[in-house]
Amino acid sequence: MDLSVCYGITIPFLGTSAGAACVFFMKKNMGEQLSRILTGFAAGVMVAASVWSLLIPAMEQSGGRGRLAFVPAVTGFWGGIVFLLLLDHVIPHLHQHSNRVEGPKSRLQRTTMMVLAVTLHNIPEGMAVGVVYAGYLAGNRNISAMAALALSLGIAIQNFPEGAIISMPLRAEGMKKGKAFWGGVLSGIVEPIGAVLTILAAGVAIPALPYLLSFAAGAMLYVVVEELIPEMSQGKHSNIGTVFFAVGFSVMMMLDVALG
């Protein structure tokens with residue numbers, strides 16, 4: 001595997017790790033407004049990445065189908081939605097600000113299920129980075145090395161607040177700072193693993209690349225709508241989450257256009 005690809009698929013994981021390290025420098029409890037800012041920003045980056053880096057390239061690569069160019073994008077998109085919906089039902093997890101466990105009944109600790117909830121969202125992010133690098137390695141004219149790097153950097157930027165969003169609540173639950181940090185780090189380890197597995201899968205089935213791109217987009221948008229948007233809207237009404245959603249969307253859009 002190209003060394004630049006190895007670096008690229010590692011960058012998002014480093015973003016999660018750096019965010020998790022906030023537990024050493026910040027107060028034990030994360031304020032509601034800060035949580036909304038971080039969650040809104042992450043959601044904005046993910047939506048922009050889904051559109052510019054995944055869905056648009058998927059449709060461009062299917063241009064030979066004429067009016068049916070949307071078929072691979074729609075099919076893959078729904079595949080990603082159903083995949084995350086299935087994971088939501090088979091893996092026990094606990095969202096922030098919630099006392100209701102989702103998925104099957106489990107005796108796992110509360111903190112473990114909180115880590116699993118964040119790990120679920122990191123799976124599609126790793127897939128997204130992996131499938132874009134797979135397109136680059138396959139010589140796809142619609143995906144350059146800089147476009148792949150732009151997505152990787154965008155995911156890393158939104159992973160920074162996600163790392164803090166998991167390590168800080170773990171600390172608030174009574175975990176020691178070191179354990180809370182490693183909980184945040186481990187929630188992101190699925191990203192490089194998912195990226196590598198996606199690259200290998202795409203290498204076997206290059207014609208399926210448009211489906212894989214849109215699959216990753218569907219999975220990411222599922223996470224945004226099912227978890228991030230509700231989290232940034234909880235409690236007393238505030239527009240701060242919406243504003244930072246727009247900031248995150250703008251940052252990812254600029255990265256994709258400037259570097260892609």
# chains A, B, ... in the order shown; residues from 1 in each chain; ligands from 1
call {"tool": "residues_around", "arguments": {"residues": "Gly154 in chain A", "least_positions_apart": "6", "cutoff": "8 Å", "atoms": "only C-alpha atoms", "output": "list in words"}}
result
Val45, Ala49, Val251, Met252 and Leu255 of chain A
call {"tool": "write_last_selection", "arguments": {"atoms": "N, CA and C atoms", "output": "CSV table (one decimal), in the first residue's frame"}}
result
chain,number,residue,atom,x,y,z
A,45,VAL,N,-19.6,18.9,9.2
A,45,VAL,CA,-18.5,18.3,8.4
A,45,VAL,C,-18.9,17.0,7.8
A,49,ALA,N,-19.0,16.3,3.8
A,49,ALA,CA,-18.2,15.2,3.2
A,49,ALA,C,-19.0,14.2,2.5
A,251,VAL,N,-16.4,24.5,6.4
A,251,VAL,CA,-15.0,24.1,6.5
A,251,VAL,C,-14.7,22.9,5.6
A,252,MET,N,-15.6,21.9,5.6
A,252,MET,CA,-15.4,20.7,4.8
A,252,MET,C,-15.6,21.0,3.3
A,255,LEU,N,-12.4,22.7,2.1
A,255,LEU,CA,-11.3,21.7,2.0
A,255,LEU,C,-11.5,20.9,0.8
call {"tool": "closest_atom_pairs", "arguments": {"of": "range 51-158 of chain A", "to": "range 7-22 of chain A", "cutoff": "9 Å", "atoms": "only C-alpha atoms", "output": "tab-separated table"}}
result
residue	atom	partner	partner_atom	distance
A:Glu125	CA	A:Pro12	CA	8.5
A:Gly126	CA	A:Ile9	CA	7.7
A:Val129	CA	A:Ile9	CA	6.4
A:Gly130	CA	A:Ile9	CA	6.8
A:Tyr133	CA	A:Ile9	CA	8.2
A:Ala148	CA	A:Gly8	CA	7.7
A:Leu149	CA	A:Gly8	CA	6.1
A:Ser152	CA	A:Pro12	CA	6.0
A:Leu153	CA	A:Ile11	CA	6.7
A:Gly154	CA	A:Pro12	CA	8.2
A:Ile155	CA	A:Pro12	CA	5.6
A:Ala156	CA	A:Pro12	CA	3.8
A:Ile157	CA	A:Gly15	CA	6.2
A:Gln158	CA	A:Gly15	CA	7.7
call {"tool": "closest_residue", "arguments": {"among": "A:Tyr211, A:Phe245, A:Phe25, A:Phe41", "to": "Gln61 in chain A", "atoms": "only C-alpha atoms"}}
result
A:Tyr211
call {"tool": "atom_distance", "arguments": {"atom1": "CA of Ser50 in chain A", "atom2": "CA of Leu200 in chain A"}}
result
21.0 Å
call {"tool": "select_by_dssp", "arguments": {"residues": "range 28-233 of chain A", "states": "helix (DSSP H, G or I)", "output": "compact mmCIF listing (two decimals) with N, CA and C atoms, in the first residue's frame"}}
result
# COMPACT_ATOMS: atom_id res chain seq x y z
N GLU A 32 -23.18 22.42 28.46
CA GLU A 32 -24.19 22.12 27.43
C GLU A 32 -23.92 22.86 26.14
N GLN A 33 -23.52 24.14 26.24
CA GLN A 33 -23.27 24.94 25.05
C GLN A 33 -22.06 24.42 24.27
N LEU A 34 -21.00 24.07 25.01
CA LEU A 34 -19.80 23.53 24.34
C LEU A 34 -20.14 22.21 23.66
N SER A 35 -20.92 21.37 24.30
CA SER A 35 -21.33 20.10 23.71
C SER A 35 -22.10 20.32 22.41
N ARG A 36 -22.99 21.32 22.41
CA ARG A 36 -23.76 21.64 21.21
C ARG A 36 -22.85 22.14 20.09
N ILE A 37 -21.88 22.97 20.46
CA ILE A 37 -20.95 23.50 19.46
C ILE A 37 -20.17 22.37 18.79
N LEU A 38 -19.61 21.49 19.60
CA LEU A 38 -18.80 20.40 19.07
C LEU A 38 -19.63 19.43 18.24
N THR A 39 -20.82 19.10 18.73
CA THR A 39 -21.68 18.16 18.01
C THR A 39 -22.18 18.77 16.70
N GLY A 40 -22.57 20.03 16.73
CA GLY A 40 -23.03 20.70 15.52
C GLY A 40 -21.94 20.79 14.47
N PHE A 41 -20.73 21.12 14.90
CA PHE A 41 -19.60 21.20 13.98
C PHE A 41 -19.33 19.85 13.33
N ALA A 42 -19.30 18.79 14.14
CA ALA A 42 -19.06 17.45 13.61
C ALA A 42 -20.13 17.05 12.60
N ALA A 43 -21.39 17.37 12.90
CA ALA A 43 -22.49 17.04 11.99
C ALA A 43 -22.34 17.77 10.66
N GLY A 44 -21.95 19.04 10.70
CA GLY A 44 -21.78 19.82 9.48
C GLY A 44 -20.69 19.26 8.58
N VAL A 45 -19.57 18.87 9.18
CA VAL A 45 -18.47 18.28 8.42
C VAL A 45 -18.93 16.99 7.75
N MET A 46 -19.65 16.15 8.49
CA MET A 46 -20.08 14.86 7.96
C MET A 46 -21.06 15.00 6.80
N VAL A 47 -21.97 15.97 6.90
CA VAL A 47 -22.93 16.18 5.81
C VAL A 47 -22.21 16.66 4.56
N ALA A 48 -21.31 17.64 4.71
CA ALA A 48 -20.57 18.16 3.55
C ALA A 48 -19.70 17.07 2.92
N ALA A 49 -19.04 16.26 3.76
CA ALA A 49 -18.21 15.18 3.24
C ALA A 49 -19.05 14.16 2.49
N SER A 50 -20.24 13.88 3.00
CA SER A 50 -21.13 12.91 2.34
C SER A 50 -21.52 13.38 0.94
N VAL A 51 -21.76 14.69 0.81
CA VAL A 51 -22.20 15.22 -0.48
C VAL A 51 -21.03 15.38 -1.45
N TRP A 52 -20.03 16.19 -1.05
CA TRP A 52 -18.96 16.55 -1.98
C TRP A 52 -17.95 15.42 -2.22
N SER A 53 -17.62 14.68 -1.18
CA SER A 53 -16.56 13.67 -1.31
C SER A 53 -17.08 12.28 -1.66
N LEU A 54 -18.38 12.04 -1.48
CA LEU A 54 -18.90 10.67 -1.66
C LEU A 54 -20.02 10.59 -2.69
N LEU A 55 -21.13 11.29 -2.47
CA LEU A 55 -22.28 11.15 -3.38
C LEU A 55 -22.01 11.73 -4.76
N ILE A 56 -21.43 12.93 -4.84
CA ILE A 56 -21.16 13.53 -6.15
C ILE A 56 -20.18 12.69 -6.95
N PRO A 57 -19.02 12.25 -6.36
CA PRO A 57 -18.13 11.36 -7.12
C PRO A 57 -18.81 10.05 -7.53
N ALA A 58 -19.69 9.52 -6.68
CA ALA A 58 -20.39 8.27 -7.03
C ALA A 58 -21.24 8.47 -8.28
N MET A 59 -21.94 9.60 -8.38
CA MET A 59 -22.77 9.86 -9.56
C MET A 59 -21.94 10.20 -10.78
N GLU A 60 -20.81 10.89 -10.57
CA GLU A 60 -19.92 11.21 -11.69
C GLU A 60 -19.36 9.93 -12.31
N GLN A 61 -19.04 8.96 -11.46
CA GLN A 61 -18.48 7.70 -11.97
C GLN A 61 -19.53 6.84 -12.67
N GLY A 63 -21.72 8.16 -14.77
CA GLY A 63 -22.22 9.01 -15.85
C GLY A 63 -22.58 8.24 -17.10
N GLY A 64 -21.92 7.11 -17.34
CA GLY A 64 -22.18 6.32 -18.54
C GLY A 64 -23.58 5.71 -18.56
N ARG A 65 -24.27 5.73 -17.44
CA ARG A 65 -25.63 5.18 -17.38
C ARG A 65 -26.68 6.17 -17.87
N GLY A 66 -26.24 7.37 -18.20
CA GLY A 66 -27.20 8.38 -18.67
C GLY A 66 -28.14 8.81 -17.58
N ARG A 67 -29.44 8.75 -17.87
CA ARG A 67 -30.45 9.19 -16.90
C ARG A 67 -30.52 8.29 -15.68
N LEU A 68 -29.92 7.11 -15.77
CA LEU A 68 -29.94 6.18 -14.64
C LEU A 68 -28.66 6.27 -13.80
N PHE A 70 -28.13 7.84 -11.32
CA PHE A 70 -28.43 7.93 -9.88
C PHE A 70 -28.58 6.56 -9.23
N VAL A 71 -28.75 5.50 -10.03
CA VAL A 71 -29.07 4.18 -9.47
C VAL A 71 -28.00 3.67 -8.49
N PRO A 72 -26.70 3.65 -8.87
CA PRO A 72 -25.69 3.18 -7.90
C PRO A 72 -25.66 4.04 -6.63
N ALA A 73 -25.82 5.37 -6.80
CA ALA A 73 -25.77 6.26 -5.64
C ALA A 73 -26.93 5.99 -4.69
N VAL A 74 -28.14 5.86 -5.23
CA VAL A 74 -29.31 5.62 -4.39
C VAL A 74 -29.24 4.23 -3.74
N THR A 75 -28.81 3.23 -4.53
CA THR A 75 -28.72 1.86 -4.01
C THR A 75 -27.70 1.78 -2.88
N GLY A 76 -26.51 2.33 -3.11
CA GLY A 76 -25.47 2.31 -2.08
C GLY A 76 -25.86 3.11 -0.86
N PHE A 77 -26.50 4.27 -1.10
CA PHE A 77 -26.95 5.13 0.00
C PHE A 77 -27.88 4.37 0.94
N TRP A 78 -28.87 3.69 0.36
CA TRP A 78 -29.81 2.93 1.19
C TRP A 78 -29.13 1.74 1.86
N GLY A 79 -28.13 1.18 1.18
CA GLY A 79 -27.36 0.09 1.81
C GLY A 79 -26.68 0.57 3.08
N GLY A 80 -26.11 1.78 3.05
CA GLY A 80 -25.46 2.35 4.23
C GLY A 80 -26.43 2.63 5.35
N ILE A 81 -27.61 3.15 4.99
CA ILE A 81 -28.65 3.42 5.99
C ILE A 81 -29.06 2.12 6.69
N VAL A 82 -29.35 1.09 5.90
CA VAL A 82 -29.81 -0.19 6.46
C VAL A 82 -28.71 -0.84 7.30
N PHE A 83 -27.46 -0.72 6.86
CA PHE A 83 -26.33 -1.29 7.60
C PHE A 83 -26.22 -0.69 9.00
N LEU A 84 -26.28 0.65 9.09
CA LEU A 84 -26.19 1.29 10.40
C LEU A 84 -27.43 1.02 11.24
N LEU A 85 -28.58 0.94 10.60
CA LEU A 85 -29.82 0.61 11.32
C LEU A 85 -29.71 -0.77 11.95
N LEU A 86 -29.13 -1.70 11.20
CA LEU A 86 -28.93 -3.06 11.70
C LEU A 86 -27.96 -3.06 12.89
N LEU A 87 -26.83 -2.34 12.75
CA LEU A 87 -25.86 -2.27 13.85
C LEU A 87 -26.50 -1.66 15.10
N ASP A 88 -27.35 -0.65 14.89
CA ASP A 88 -28.04 -0.02 16.01
C ASP A 88 -28.90 -1.01 16.79
N HIS A 89 -29.41 -2.02 16.10
CA HIS A 89 -30.30 -2.99 16.73
C HIS A 89 -29.58 -4.20 17.32
N VAL A 90 -28.34 -4.45 16.88
CA VAL A 90 -27.66 -5.66 17.36
C VAL A 90 -26.53 -5.37 18.35
N ARG A 110 -22.20 0.99 31.93
CA ARG A 110 -22.72 2.19 31.26
C ARG A 110 -21.63 2.86 30.41
N THR A 111 -20.42 2.97 30.99
CA THR A 111 -19.33 3.62 30.26
C THR A 111 -18.94 2.84 29.00
N THR A 112 -18.97 1.51 29.08
CA THR A 112 -18.65 0.68 27.91
C THR A 112 -19.65 0.92 26.80
N MET A 113 -20.92 1.03 27.15
CA MET A 113 -21.96 1.24 26.14
C MET A 113 -21.87 2.65 25.54
N MET A 114 -21.39 3.62 26.32
CA MET A 114 -21.19 4.96 25.78
C MET A 114 -20.08 4.95 24.73
N VAL A 115 -19.01 4.19 25.00
CA VAL A 115 -17.92 4.06 24.03
C VAL A 115 -18.43 3.36 22.76
N LEU A 116 -19.25 2.33 22.94
CA LEU A 116 -19.79 1.61 21.78
C LEU A 116 -20.66 2.52 20.90
N ALA A 117 -21.39 3.45 21.54
CA ALA A 117 -22.24 4.37 20.78
C ALA A 117 -21.40 5.23 19.83
N VAL A 118 -20.26 5.75 20.33
CA VAL A 118 -19.40 6.58 19.49
C VAL A 118 -18.66 5.72 18.46
N THR A 119 -18.28 4.52 18.86
CA THR A 119 -17.60 3.60 17.94
C THR A 119 -18.48 3.31 16.72
N LEU A 120 -19.78 3.23 16.94
CA LEU A 120 -20.71 2.99 15.83
C LEU A 120 -20.61 4.07 14.76
N HIS A 121 -20.48 5.37 15.26
CA HIS A 121 -20.39 6.41 14.22
C HIS A 121 -19.09 6.44 13.54
N ASN A 122 -18.03 5.91 14.15
CA ASN A 122 -16.71 5.96 13.53
C ASN A 122 -16.54 4.92 12.42
N ILE A 123 -17.40 3.90 12.42
CA ILE A 123 -17.33 2.89 11.36
C ILE A 123 -17.56 3.51 9.98
N PRO A 124 -18.66 4.26 9.75
CA PRO A 124 -18.84 4.85 8.42
C PRO A 124 -17.78 5.88 8.06
N GLU A 125 -17.23 6.57 9.05
CA GLU A 125 -16.18 7.55 8.76
C GLU A 125 -14.93 6.85 8.23
N GLY A 126 -14.57 5.73 8.86
CA GLY A 126 -13.43 4.95 8.37
C GLY A 126 -13.69 4.41 6.98
N MET A 127 -14.92 3.94 6.74
CA MET A 127 -15.29 3.44 5.42
C MET A 127 -15.19 4.54 4.37
N ALA A 128 -15.63 5.74 4.73
CA ALA A 128 -15.61 6.87 3.79
C ALA A 128 -14.18 7.17 3.34
N VAL A 129 -13.26 7.25 4.31
CA VAL A 129 -11.86 7.52 3.97
C VAL A 129 -11.29 6.38 3.14
N GLY A 130 -11.60 5.15 3.53
CA GLY A 130 -11.08 3.98 2.82
C GLY A 130 -11.54 3.91 1.38
N VAL A 131 -12.82 4.18 1.15
CA VAL A 131 -13.35 4.04 -0.21
C VAL A 131 -12.83 5.14 -1.13
N VAL A 132 -12.60 6.34 -0.59
CA VAL A 132 -12.04 7.41 -1.42
C VAL A 132 -10.58 7.09 -1.78
N TYR A 133 -9.82 6.59 -0.83
CA TYR A 133 -8.44 6.20 -1.14
C TYR A 133 -8.42 5.00 -2.09
N ALA A 134 -9.41 4.13 -1.98
CA ALA A 134 -9.50 3.00 -2.92
C ALA A 134 -9.69 3.51 -4.34
N GLY A 135 -10.53 4.54 -4.49
CA GLY A 135 -10.73 5.14 -5.81
C GLY A 135 -9.47 5.76 -6.35
N TYR A 136 -8.73 6.42 -5.48
CA TYR A 136 -7.45 7.01 -5.89
C TYR A 136 -6.46 5.93 -6.33
N LEU A 137 -6.36 4.86 -5.54
CA LEU A 137 -5.43 3.77 -5.87
C LEU A 137 -5.82 3.07 -7.18
N ALA A 145 -5.29 12.39 -5.26
CA ALA A 145 -4.67 12.20 -3.95
C ALA A 145 -5.06 13.34 -3.01
N MET A 146 -5.15 14.57 -3.55
CA MET A 146 -5.50 15.72 -2.73
C MET A 146 -6.96 15.68 -2.29
N ALA A 147 -7.83 15.13 -3.16
CA ALA A 147 -9.25 15.00 -2.79
C ALA A 147 -9.39 14.01 -1.64
N ALA A 148 -8.63 12.91 -1.71
CA ALA A 148 -8.66 11.91 -0.64
C ALA A 148 -8.12 12.52 0.66
N LEU A 149 -7.03 13.31 0.53
CA LEU A 149 -6.45 13.96 1.71
C LEU A 149 -7.42 14.96 2.31
N ALA A 150 -8.15 15.68 1.44
CA ALA A 150 -9.12 16.66 1.94
C ALA A 150 -10.18 15.99 2.80
N LEU A 151 -10.68 14.83 2.34
CA LEU A 151 -11.67 14.10 3.14
C LEU A 151 -11.06 13.63 4.45
N SER A 152 -9.84 13.10 4.38
CA SER A 152 -9.17 12.60 5.58
C SER A 152 -8.98 13.72 6.60
N LEU A 153 -8.56 14.90 6.14
CA LEU A 153 -8.37 16.05 7.04
C LEU A 153 -9.71 16.52 7.61
N GLY A 154 -10.74 16.54 6.76
CA GLY A 154 -12.07 16.95 7.22
C GLY A 154 -12.60 16.03 8.31
N ILE A 155 -12.45 14.73 8.10
CA ILE A 155 -12.90 13.76 9.11
C ILE A 155 -12.08 13.92 10.39
N ALA A 156 -10.77 14.17 10.25
CA ALA A 156 -9.91 14.37 11.43
C ALA A 156 -10.34 15.59 12.23
N ILE A 157 -10.70 16.68 11.52
CA ILE A 157 -11.14 17.90 12.18
C ILE A 157 -12.42 17.66 12.97
N GLN A 158 -13.37 16.93 12.36
CA GLN A 158 -14.62 16.67 13.09
C GLN A 158 -14.43 15.59 14.15
N ASN A 159 -13.38 14.76 14.01
CA ASN A 159 -13.09 13.75 15.03
C ASN A 159 -12.53 14.37 16.31
N PHE A 160 -11.91 15.55 16.17
CA PHE A 160 -11.36 16.20 17.37
C PHE A 160 -12.47 16.46 18.39
N PRO A 161 -13.56 17.14 18.00
CA PRO A 161 -14.65 17.31 18.98
C PRO A 161 -15.28 15.99 19.39
N GLU A 162 -15.35 15.01 18.47
CA GLU A 162 -15.93 13.71 18.84
C GLU A 162 -15.11 13.03 19.92
N GLY A 163 -13.77 13.14 19.83
CA GLY A 163 -12.90 12.55 20.85
C GLY A 163 -13.18 13.16 22.22
N ALA A 164 -13.37 14.49 22.22
CA ALA A 164 -13.69 15.17 23.49
C ALA A 164 -15.09 14.80 23.97
N ILE A 165 -16.02 14.65 23.01
CA ILE A 165 -17.41 14.34 23.36
C ILE A 165 -17.52 12.98 24.05
N ILE A 166 -16.60 12.06 23.79
CA ILE A 166 -16.66 10.76 24.48
C ILE A 166 -15.79 10.75 25.74
N SER A 167 -14.60 11.33 25.71
CA SER A 167 -13.72 11.24 26.89
C SER A 167 -14.24 12.08 28.07
N MET A 168 -14.82 13.25 27.77
CA MET A 168 -15.32 14.10 28.85
C MET A 168 -16.50 13.48 29.60
N PRO A 169 -17.51 12.96 28.90
CA PRO A 169 -18.60 12.28 29.63
C PRO A 169 -18.13 11.04 30.40
N LEU A 170 -17.13 10.33 29.86
CA LEU A 170 -16.59 9.17 30.58
C LEU A 170 -15.96 9.63 31.90
N ARG A 171 -15.27 10.75 31.85
CA ARG A 171 -14.68 11.33 33.06
C ARG A 171 -15.79 11.73 34.03
N ALA A 172 -16.86 12.33 33.49
CA ALA A 172 -17.99 12.76 34.33
C ALA A 172 -18.68 11.57 34.98
N LYS A 177 -8.88 10.02 34.55
CA LYS A 177 -8.57 10.73 33.31
C LYS A 177 -7.88 9.82 32.29
N GLY A 178 -6.95 9.00 32.76
CA GLY A 178 -6.23 8.11 31.85
C GLY A 178 -7.16 7.13 31.15
N LYS A 179 -8.06 6.53 31.93
CA LYS A 179 -9.00 5.56 31.35
C LYS A 179 -9.98 6.24 30.41
N ALA A 180 -10.43 7.45 30.78
CA ALA A 180 -11.36 8.19 29.92
C ALA A 180 -10.68 8.53 28.59
N PHE A 181 -9.41 8.90 28.65
CA PHE A 181 -8.64 9.19 27.43
C PHE A 181 -8.58 7.96 26.53
N TRP A 182 -8.22 6.82 27.10
CA TRP A 182 -8.10 5.60 26.30
C TRP A 182 -9.45 5.13 25.78
N GLY A 183 -10.52 5.43 26.52
CA GLY A 183 -11.86 5.12 26.01
C GLY A 183 -12.14 5.90 24.73
N GLY A 184 -11.77 7.19 24.73
CA GLY A 184 -11.94 8.01 23.53
C GLY A 184 -11.08 7.52 22.38
N VAL A 185 -9.83 7.17 22.70
CA VAL A 185 -8.90 6.68 21.66
C VAL A 185 -9.43 5.39 21.04
N LEU A 186 -9.84 4.46 21.88
CA LEU A 186 -10.30 3.15 21.39
C LEU A 186 -11.57 3.27 20.55
N SER A 187 -12.40 4.29 20.83
CA SER A 187 -13.61 4.47 20.03
C SER A 187 -13.27 4.81 18.58
N VAL A 190 -11.57 1.92 15.19
CA VAL A 190 -12.29 1.25 14.09
C VAL A 190 -12.13 2.00 12.77
N GLU A 191 -11.72 3.28 12.83
CA GLU A 191 -11.61 4.06 11.59
C GLU A 191 -10.50 3.55 10.67
N PRO A 192 -9.24 3.46 11.14
CA PRO A 192 -8.22 2.91 10.23
C PRO A 192 -8.48 1.45 9.86
N ILE A 193 -9.06 0.68 10.79
CA ILE A 193 -9.38 -0.72 10.48
C ILE A 193 -10.45 -0.77 9.37
N GLY A 194 -11.51 0.03 9.54
CA GLY A 194 -12.56 0.09 8.54
C GLY A 194 -12.05 0.58 7.19
N ALA A 195 -11.12 1.55 7.23
CA ALA A 195 -10.55 2.10 5.99
C ALA A 195 -9.78 1.02 5.23
N VAL A 196 -8.95 0.27 5.95
CA VAL A 196 -8.15 -0.79 5.31
C VAL A 196 -9.05 -1.87 4.72
N LEU A 197 -10.04 -2.30 5.48
CA LEU A 197 -10.95 -3.34 4.99
C LEU A 197 -11.72 -2.87 3.75
N THR A 198 -12.11 -1.59 3.75
CA THR A 198 -12.84 -1.05 2.59
C THR A 198 -11.94 -0.97 1.37
N ILE A 199 -10.68 -0.57 1.57
CA ILE A 199 -9.72 -0.53 0.45
C ILE A 199 -9.54 -1.92 -0.14
N LEU A 200 -9.42 -2.92 0.72
CA LEU A 200 -9.25 -4.30 0.24
C LEU A 200 -10.49 -4.77 -0.52
N ALA A 201 -11.67 -4.45 0.02
CA ALA A 201 -12.92 -4.86 -0.64
C ALA A 201 -13.07 -4.17 -2.00
N ALA A 202 -12.74 -2.88 -2.05
CA ALA A 202 -12.86 -2.14 -3.31
C ALA A 202 -11.84 -2.64 -4.33
N GLY A 203 -10.68 -3.07 -3.85
CA GLY A 203 -9.65 -3.60 -4.75
C GLY A 203 -10.12 -4.85 -5.46
N VAL A 204 -10.97 -5.61 -4.81
CA VAL A 204 -11.50 -6.84 -5.41
C VAL A 204 -12.63 -6.52 -6.39
N ILE A 206 -13.64 -3.24 -8.14
CA ILE A 206 -13.54 -1.85 -8.56
C ILE A 206 -14.83 -1.33 -9.19
N PRO A 207 -15.55 -2.14 -10.01
CA PRO A 207 -16.81 -1.63 -10.59
C PRO A 207 -17.85 -1.23 -9.53
N ALA A 208 -17.67 -1.76 -8.31
CA ALA A 208 -18.64 -1.46 -7.24
C ALA A 208 -18.31 -0.16 -6.52
N LEU A 209 -17.27 0.56 -6.96
CA LEU A 209 -16.83 1.76 -6.25
C LEU A 209 -17.94 2.80 -6.06
N PRO A 210 -18.76 3.11 -7.08
CA PRO A 210 -19.85 4.08 -6.86
C PRO A 210 -20.81 3.64 -5.76
N TYR A 211 -21.06 2.33 -5.68
CA TYR A 211 -21.95 1.80 -4.63
C TYR A 211 -21.29 1.98 -3.25
N LEU A 212 -19.98 1.72 -3.17
CA LEU A 212 -19.28 1.83 -1.90
C LEU A 212 -19.19 3.28 -1.43
N LEU A 213 -18.95 4.21 -2.38
CA LEU A 213 -18.91 5.63 -2.02
C LEU A 213 -20.24 6.08 -1.42
N SER A 214 -21.32 5.73 -2.09
CA SER A 214 -22.64 6.15 -1.61
C SER A 214 -23.07 5.37 -0.37
N PHE A 215 -22.58 4.14 -0.23
CA PHE A 215 -22.83 3.35 0.99
C PHE A 215 -22.27 4.09 2.21
N ALA A 216 -21.01 4.56 2.07
CA ALA A 216 -20.39 5.30 3.17
C ALA A 216 -21.14 6.59 3.46
N ALA A 217 -21.64 7.26 2.40
CA ALA A 217 -22.41 8.50 2.59
C ALA A 217 -23.70 8.22 3.35
N GLY A 218 -24.40 7.16 2.99
CA GLY A 218 -25.64 6.81 3.68
C GLY A 218 -25.41 6.51 5.15
N ALA A 219 -24.33 5.77 5.43
CA ALA A 219 -24.01 5.43 6.82
C ALA A 219 -23.70 6.68 7.63
N MET A 220 -22.94 7.62 7.03
CA MET A 220 -22.58 8.84 7.74
C MET A 220 -23.81 9.71 8.00
N LEU A 221 -24.67 9.84 7.01
CA LEU A 221 -25.86 10.67 7.19
C LEU A 221 -26.83 10.06 8.19
N TYR A 222 -26.85 8.73 8.27
CA TYR A 222 -27.66 8.07 9.30
C TYR A 222 -27.20 8.52 10.69
N VAL A 223 -25.89 8.53 10.90
CA VAL A 223 -25.34 8.94 12.19
C VAL A 223 -25.71 10.39 12.50
N VAL A 224 -25.61 11.26 11.49
CA VAL A 224 -25.92 12.68 11.69
C VAL A 224 -27.37 12.87 12.15
N VAL A 225 -28.29 12.24 11.42
CA VAL A 225 -29.72 12.46 11.70
C VAL A 225 -30.19 11.70 12.93
N GLU A 226 -29.66 10.49 13.13
CA GLU A 226 -30.13 9.66 14.24
C GLU A 226 -29.52 10.09 15.57
N GLU A 227 -28.29 10.61 15.54
CA GLU A 227 -27.65 10.91 16.81
C GLU A 227 -27.19 12.35 16.98
N LEU A 228 -26.42 12.88 16.03
CA LEU A 228 -25.79 14.18 16.25
C LEU A 228 -26.79 15.33 16.30
N ILE A 229 -27.71 15.39 15.36
CA ILE A 229 -28.69 16.49 15.35
C ILE A 229 -29.57 16.46 16.61
N PRO A 230 -30.10 15.29 17.03
CA PRO A 230 -30.86 15.29 18.29
C PRO A 230 -30.03 15.74 19.49
N GLU A 231 -28.74 15.35 19.53
CA GLU A 231 -27.89 15.72 20.66
C GLU A 231 -27.66 17.23 20.72
N MET A 232 -27.48 17.85 19.55
CA MET A 232 -27.19 19.29 19.57
C MET A 232 -28.46 20.12 19.80
call {"tool": "closest_residue", "arguments": {"among": "A:Gln234, A:Asn140, A:Ser250, A:Thr242", "to": "Ser62 in chain A", "atoms": "only C-alpha atoms"}}
result
A:Asn140
call {"tool": "atom_distance", "arguments": {"atom1": "CA of Cys6 in chain A", "atom2": "CA of Ala258 in chain A"}}
result
22.1 Å
